[in-house]
$ cat structure-v6.cif   # mmCIF, C-alpha atoms and all ligand atoms; chains and numbers go by the auth columns
data_model
#
loop_
_atom_site.group_PDB
_atom_site.id
_atom_site.type_symbol
_atom_site.label_atom_id
_atom_site.label_comp_id
_atom_site.label_asym_id
_atom_site.label_seq_id
_atom_site.Cartn_x
_atom_site.Cartn_y
_atom_site.Cartn_z
_atom_site.B_iso_or_equiv
_atom_site.auth_seq_id
_atom_site.auth_asym_id
ATOM 1 C CA MET A 1 41.099 -35.900 -40.320 0.00 79 A
ATOM 2 C CA PRO A 2 43.381 -32.891 -40.861 0.00 80 A
ATOM 3 C CA LEU A 3 44.517 -31.392 -37.573 0.00 81 A
ATOM 4 C CA SER A 4 43.024 -27.941 -38.342 0.00 82 A
ATOM 5 C CA ILE A 5 39.488 -29.367 -38.737 0.00 83 A
ATOM 6 C CA HIS A 6 39.893 -31.344 -35.544 0.00 84 A
ATOM 7 C CA ILE A 7 40.851 -28.156 -33.682 0.00 85 A
ATOM 8 C CA LEU A 8 37.953 -26.245 -35.268 0.00 86 A
ATOM 9 C CA ARG A 9 35.512 -28.909 -34.089 0.00 87 A
ATOM 10 C CA ARG A 10 36.861 -28.804 -30.573 0.00 88 A
ATOM 11 C CA HIS A 11 36.539 -25.024 -30.574 0.00 89 A
ATOM 12 C CA ALA A 12 32.956 -25.202 -31.821 0.00 90 A
ATOM 13 C CA ALA A 13 32.032 -27.733 -29.144 0.00 91 A
ATOM 14 C CA PHE A 14 33.665 -25.621 -26.474 0.00 92 A
ATOM 15 C CA ALA A 15 31.907 -22.451 -27.700 0.00 93 A
ATOM 16 C CA LEU A 16 28.545 -24.252 -27.529 0.00 94 A
ATOM 17 C CA LEU A 17 29.241 -25.500 -24.006 0.00 95 A
ATOM 18 C CA ALA A 18 30.365 -22.051 -22.867 0.00 96 A
ATOM 19 C CA ALA A 19 27.242 -20.440 -24.347 0.00 97 A
ATOM 20 C CA ALA A 20 24.973 -22.939 -22.598 0.00 98 A
ATOM 21 C CA ALA A 21 26.763 -22.434 -19.283 0.00 99 A
ATOM 22 C CA SER A 22 26.584 -18.644 -19.449 0.00 100 A
ATOM 23 C CA THR A 23 22.862 -18.796 -20.349 0.00 101 A
ATOM 24 C CA ALA A 24 22.292 -20.814 -17.185 0.00 102 A
ATOM 25 C CA VAL A 25 24.266 -18.277 -15.136 0.00 103 A
ATOM 26 C CA TYR A 26 22.215 -15.361 -16.536 0.00 104 A
ATOM 27 C CA ALA A 27 18.959 -17.192 -15.820 0.00 105 A
ATOM 28 C CA SER A 28 19.849 -18.045 -12.219 0.00 106 A
ATOM 29 C CA GLU A 29 21.152 -14.500 -11.562 0.00 107 A
ATOM 30 C CA VAL A 30 17.829 -13.053 -12.713 0.00 108 A
ATOM 31 C CA LYS A 31 15.831 -15.612 -10.749 0.00 109 A
ATOM 32 C CA ASP A 32 17.784 -15.066 -7.522 0.00 110 A
ATOM 33 C CA SER A 33 17.366 -11.293 -7.722 0.00 111 A
ATOM 34 C CA MET A 34 13.675 -11.682 -8.661 0.00 112 A
ATOM 35 C CA LYS A 35 13.142 -13.780 -5.517 0.00 113 A
ATOM 36 C CA GLU A 36 14.910 -11.137 -3.445 0.00 114 A
ATOM 37 C CA MET A 37 12.743 -8.414 -5.017 0.00 115 A
ATOM 38 C CA ALA A 38 9.568 -10.444 -4.364 0.00 116 A
ATOM 39 C CA ARG A 39 10.475 -10.812 -0.659 0.00 117 A
ATOM 40 C CA ALA A 40 11.125 -7.067 -0.310 0.00 118 A
ATOM 41 C CA TYR A 41 7.857 -6.320 -2.188 0.00 119 A
ATOM 42 C CA LYS A 42 5.868 -8.476 0.271 0.00 120 A
ATOM 43 C CA ALA A 43 7.563 -6.877 3.289 0.00 121 A
ATOM 44 C CA ALA A 44 6.824 -3.391 1.928 0.00 122 A
ATOM 45 C CA MET A 45 3.155 -4.261 1.356 0.00 123 A
ATOM 46 C CA ALA A 46 2.884 -5.686 4.896 0.00 124 A
ATOM 47 C CA SER A 47 4.509 -2.684 6.565 0.00 125 A
ATOM 48 C CA GLN A 48 2.499 -0.520 8.969 0.00 126 A
ATOM 49 C CA THR A 49 4.650 2.611 9.020 0.00 127 A
ATOM 50 C CA MET A 50 6.441 4.702 6.400 0.00 128 A
ATOM 51 C CA PRO A 51 9.955 4.065 7.814 0.00 129 A
ATOM 52 C CA GLU A 52 9.244 0.329 7.584 0.00 130 A
ATOM 53 C CA PHE A 53 7.883 0.702 4.041 0.00 131 A
ATOM 54 C CA ALA A 54 10.791 2.902 2.948 0.00 132 A
ATOM 55 C CA ASP A 55 13.300 0.361 4.234 0.00 133 A
ATOM 56 C CA SER A 56 11.770 -2.537 2.266 0.00 134 A
ATOM 57 C CA PHE A 57 11.072 -0.367 -0.767 0.00 135 A
ATOM 58 C CA LYS A 58 14.756 0.560 -0.939 0.00 136 A
ATOM 59 C CA LYS A 59 15.504 -3.165 -1.207 0.00 137 A
ATOM 60 C CA VAL A 60 12.970 -3.475 -4.054 0.00 138 A
ATOM 61 C CA GLN A 61 14.708 -0.594 -5.852 0.00 139 A
ATOM 62 C CA ASP A 62 18.167 -2.068 -5.270 0.00 140 A
ATOM 63 C CA SER A 63 17.069 -5.438 -6.689 0.00 141 A
ATOM 64 C CA ALA A 64 15.363 -3.764 -9.674 0.00 142 A
ATOM 65 C CA LYS A 65 18.501 -1.743 -10.468 0.00 143 A
ATOM 66 C CA ARG A 66 20.639 -4.866 -10.296 0.00 144 A
ATOM 67 C CA ILE A 67 18.228 -6.832 -12.502 0.00 145 A
ATOM 68 C CA ALA A 68 18.039 -3.994 -15.046 0.00 146 A
ATOM 69 C CA GLY A 69 21.761 -4.439 -15.733 0.00 147 A
ATOM 70 C CA MET A 70 21.473 -8.195 -16.267 0.00 148 A
ATOM 71 C CA GLN A 71 21.400 -10.223 -19.430 0.00 149 A
ATOM 72 C CA TRP A 72 18.438 -12.473 -20.116 0.00 150 A
ATOM 73 C CA LYS A 73 18.851 -15.676 -22.127 0.00 151 A
ATOM 74 C CA GLU A 74 16.664 -14.490 -25.004 0.00 152 A
ATOM 75 C CA ASN A 75 14.729 -11.446 -26.210 0.00 153 A
ATOM 76 C CA GLN A 76 16.912 -8.915 -24.375 0.00 154 A
ATOM 77 C CA PRO A 77 14.992 -5.901 -25.834 0.00 155 A
ATOM 78 C CA LEU A 78 11.698 -7.191 -24.360 0.00 156 A
ATOM 79 C CA PHE A 79 13.427 -7.902 -21.044 0.00 157 A
ATOM 80 C CA ASN A 80 14.846 -4.354 -20.980 0.00 158 A
ATOM 81 C CA GLU A 81 11.452 -2.877 -21.904 0.00 159 A
ATOM 82 C CA GLY A 82 9.853 -4.663 -18.916 0.00 160 A
ATOM 83 C CA GLN A 83 12.572 -3.455 -16.558 0.00 161 A
ATOM 84 C CA GLN A 84 12.127 0.124 -17.802 0.00 162 A
ATOM 85 C CA LYS A 85 8.365 -0.016 -17.159 0.00 163 A
ATOM 86 C CA LEU A 86 9.030 -1.434 -13.716 0.00 164 A
ATOM 87 C CA GLN A 87 11.543 1.343 -12.961 0.00 165 A
ATOM 88 C CA LYS A 88 9.047 4.005 -14.073 0.00 166 A
ATOM 89 C CA GLN A 89 6.416 2.580 -11.716 0.00 167 A
ATOM 90 C CA LEU A 90 8.956 2.417 -8.863 0.00 168 A
ATOM 91 C CA ASP A 91 9.653 6.125 -9.485 0.00 169 A
ATOM 92 C CA ALA A 92 5.930 6.774 -8.883 0.00 170 A
ATOM 93 C CA VAL A 93 6.223 4.875 -5.581 0.00 171 A
ATOM 94 C CA ALA A 94 9.215 7.033 -4.598 0.00 172 A
ATOM 95 C CA VAL A 95 7.118 10.186 -5.122 0.00 173 A
ATOM 96 C CA GLN A 96 4.600 8.876 -2.563 0.00 174 A
ATOM 97 C CA VAL A 97 7.396 7.939 -0.162 0.00 175 A
ATOM 98 C CA SER A 98 8.723 11.514 -0.397 0.00 176 A
ATOM 99 C CA ALA A 99 5.202 12.777 0.337 0.00 177 A
ATOM 100 C CA ASN A 100 5.080 10.458 3.382 0.00 178 A
ATOM 101 C CA ASN A 101 1.904 8.851 1.999 0.00 179 A
ATOM 102 C CA LEU A 102 1.934 5.177 3.025 0.00 180 A
ATOM 103 C CA ALA A 103 -1.420 4.272 1.406 0.00 181 A
ATOM 104 C CA GLY A 104 -0.427 6.061 -1.815 0.00 182 A
ATOM 105 C CA ALA A 105 2.957 4.332 -1.851 0.00 183 A
ATOM 106 C CA LYS A 106 1.309 0.906 -1.447 0.00 184 A
ATOM 107 C CA ASP A 107 -1.180 1.749 -4.245 0.00 185 A
ATOM 108 C CA GLU A 108 1.641 2.682 -6.608 0.00 186 A
ATOM 109 C CA LEU A 109 3.698 -0.374 -5.627 0.00 187 A
ATOM 110 C CA ALA A 110 0.676 -2.625 -6.288 0.00 188 A
ATOM 111 C CA LYS A 111 0.628 -1.263 -9.856 0.00 189 A
ATOM 112 C CA THR A 112 3.879 -3.150 -10.536 0.00 190 A
ATOM 113 C CA ASP A 113 1.834 -6.367 -10.377 0.00 191 A
ATOM 114 C CA PRO A 114 0.272 -6.155 -13.869 0.00 192 A
ATOM 115 C CA ILE A 115 3.708 -5.205 -15.293 0.00 193 A
ATOM 116 C CA LYS A 116 5.199 -8.256 -13.608 0.00 194 A
ATOM 117 C CA LYS A 117 2.401 -10.534 -14.899 0.00 195 A
ATOM 118 C CA GLU A 118 2.658 -9.160 -18.457 0.00 196 A
ATOM 119 C CA TYR A 119 6.417 -9.688 -18.744 0.00 197 A
ATOM 120 C CA HIS A 120 6.537 -12.993 -16.896 0.00 198 A
ATOM 121 C CA LYS A 121 4.004 -14.271 -19.448 0.00 199 A
ATOM 122 C CA LYS A 122 5.834 -12.763 -22.444 0.00 200 A
ATOM 123 C CA LEU A 123 9.315 -13.880 -21.385 0.00 201 A
ATOM 124 C CA ASP A 124 8.578 -17.344 -20.016 0.00 202 A
HETATM 125 C C1 LIG B . 7.696 -6.271 -8.655 0.00 301 B
HETATM 126 C C2 LIG B . 7.790 -6.904 -9.808 0.00 301 B
HETATM 127 C C3 LIG B . 8.296 -8.314 -9.961 0.00 301 B
HETATM 128 C C4 LIG B . 8.403 -9.316 -9.028 0.00 301 B
HETATM 129 C C5 LIG B . 8.020 -9.290 -7.553 0.00 301 B
HETATM 130 C C6 LIG B . 8.970 -10.470 -9.711 0.00 301 B
HETATM 131 C C7 LIG B . 9.218 -11.696 -9.116 0.00 301 B
HETATM 132 C C8 LIG B . 9.686 -12.821 -9.760 0.00 301 B
HETATM 133 C C9 LIG B . 9.815 -14.141 -9.178 0.00 301 B
HETATM 134 C C10 LIG B . 9.455 -14.519 -7.741 0.00 301 B
HETATM 135 C C11 LIG B . 10.329 -14.957 -10.136 0.00 301 B
HETATM 136 C C12 LIG B . 10.595 -16.461 -10.025 0.00 301 B
HETATM 137 C C13 LIG B . 12.037 -16.766 -9.698 0.00 301 B
HETATM 138 C C14 LIG B . 12.230 -18.276 -9.641 0.00 301 B
HETATM 139 O O1 LIG B . 12.409 -18.887 -10.684 0.00 301 B
HETATM 140 O O2 LIG B . 12.143 -18.828 -8.553 0.00 301 B
HETATM 141 C C15 LIG B . 10.526 -14.162 -11.321 0.00 301 B
HETATM 142 C C16 LIG B . 11.053 -14.623 -12.515 0.00 301 B
HETATM 143 C C17 LIG B . 11.271 -13.850 -13.627 0.00 301 B
HETATM 144 N N1 LIG B . 10.936 -12.522 -13.805 0.00 301 B
HETATM 145 FE FE1 LIG B . 10.102 -11.317 -12.409 0.00 301 B
HETATM 146 N N2 LIG B . 9.206 -10.144 -11.027 0.00 301 B
HETATM 147 C C18 LIG B . 8.798 -8.840 -11.214 0.00 301 B
HETATM 148 C C19 LIG B . 8.842 -8.121 -12.389 0.00 301 B
HETATM 149 C C20 LIG B . 9.414 -8.546 -13.551 0.00 301 B
HETATM 150 C C21 LIG B . 9.524 -7.756 -14.762 0.00 301 B
HETATM 151 C C22 LIG B . 9.010 -6.325 -14.958 0.00 301 B
HETATM 152 C C23 LIG B . 10.153 -8.526 -15.685 0.00 301 B
HETATM 153 C C24 LIG B . 10.484 -8.085 -17.088 0.00 301 B
HETATM 154 C C25 LIG B . 11.687 -8.067 -17.561 0.00 301 B
HETATM 155 C C26 LIG B . 10.454 -9.812 -15.060 0.00 301 B
HETATM 156 C C27 LIG B . 11.109 -10.876 -15.650 0.00 301 B
HETATM 157 C C28 LIG B . 11.310 -12.124 -15.076 0.00 301 B
HETATM 158 C C29 LIG B . 11.937 -13.241 -15.754 0.00 301 B
HETATM 159 C C30 LIG B . 12.489 -13.230 -17.174 0.00 301 B
HETATM 160 C C31 LIG B . 11.912 -14.324 -14.844 0.00 301 B
HETATM 161 C C32 LIG B . 12.418 -15.741 -15.074 0.00 301 B
HETATM 162 C C33 LIG B . 11.295 -16.565 -15.658 0.00 301 B
HETATM 163 C C34 LIG B . 11.707 -17.965 -15.932 0.00 301 B
HETATM 164 O O3 LIG B . 11.952 -18.706 -14.983 0.00 301 B
HETATM 165 O O4 LIG B . 11.763 -18.346 -17.094 0.00 301 B
HETATM 166 N N3 LIG B . 9.989 -9.784 -13.760 0.00 301 B
HETATM 167 N N4 LIG B . 10.134 -12.873 -11.070 0.00 301 B
#
$ encode --input "structure-v6.cif" --output "structure tokens" --more "lines below"
Ligand code: HEM
Amino acid sequence: MPLSIHILRRHAAFALLAAAASTAVYASEVKDSMKEMARAYKAAMASQTMPEFADSFKKVQDSAKRIAGMQWKENQPLFNEGQQKLQKQLDAVAVQVSANNLAGAKDELAKTDPIKKEYHKKLD
């Protein structure tokens, strides 16, 4: 086989391998940050005082911001749409935190649940 075709084939194989590896990295990055966000969500919902809630909620926001900048393995526009809806709902939580309303903040945070369910179903 001519040398140029041989090199082309090797390049194609390498490109495929690299694409598969980076897909796996994206997926595990998202999953790790999702787990982190889920832990912070639970802690916020279990909190008894606003300072406690605010502390955990900040971690939810930090995770969400990190995730929003990540690449998903497929359907990036749908992934971004879900993250935008989540961010909008987290903004509503922040309003309640500013108003020092713990019950209101938990109510607004709970409203992220249907967003989560919708996009987990659509993106799985
Ligand atoms: C507060 C809201 C959310 C929580 C607590 C949450 C939590 C989680 C958890 C625990 C996982 C499983 C990680 C693992 O594999 O062990 C996960 C996966 C995932 N989440 Fe979320 N999530 C939320 C919202 C969203 C939203 C809005 C989107 C839309 C972009 C999203 C997209 C994904 C994707 C794509 C995966 C990976 C699914 C797969 O394994 O194929 N999540 N999430």
$ atom_distance --input "structure-v6.cif" --atom1 "atom C19 of ligand LIG 301 (chain B)" --atom2 "CA of Met148 in chain A"
13.2 Å
$ residues_around --input "structure-v6.cif" --residues "Gln161 in chain A" --least-positions-apart "6" --cutoff "8 Å" --atoms "only C-alpha atoms" --output "PyMOL selection string"
chain A and resi 142+145-146
$ atom_distance --input "structure-v6.cif" --atom1 "atom C25 of ligand LIG 301 (chain B)" --atom2 "CA of Glu159 in chain A"
6.8 Å
$ axis_aligned_box --input "structure-v6.cif" --around "ligand LIG 301 (chain B)" --padding-each-side "8 Å" --output "AutoDock Vina command-line options"
--center_x 10.1 --center_y -12.6 --center_z -12.6 --size_x 20.8 --size_y 28.6 --size_z 26.0
$ residues_near_ligand --input "structure-v6.cif" --ligand "ligand LIG 301 (chain B)" --cutoff "9 Å" --atoms "only C-alpha atoms and all ligand atoms" --output "VMD selection string"
chain A and resid 105 to 106 108 to 120 138 142 145 to 146 150 to 152 154 156 to 165 168 187 to 202
$ residues_around --input "structure-v6.cif" --residues "Glu130 in chain A" --least-positions-apart "2" --cutoff "12 Å" --atoms "only C-alpha atoms" --output "list in words"
Ala118, Tyr119, Lys120, Ala121, Ala122, Met123, Ala124, Ser125, Gln126, Thr127, Met128, Ala132, Asp133, Ser134, Phe135, Lys136, Lys137, Val175, Asn178 and Leu180 of chain A
$ atom_distance --input "structure-v6.cif" --atom1 "CA of Glu186 in chain A" --atom2 "CA of Gln139 in chain A"
13.5 Å
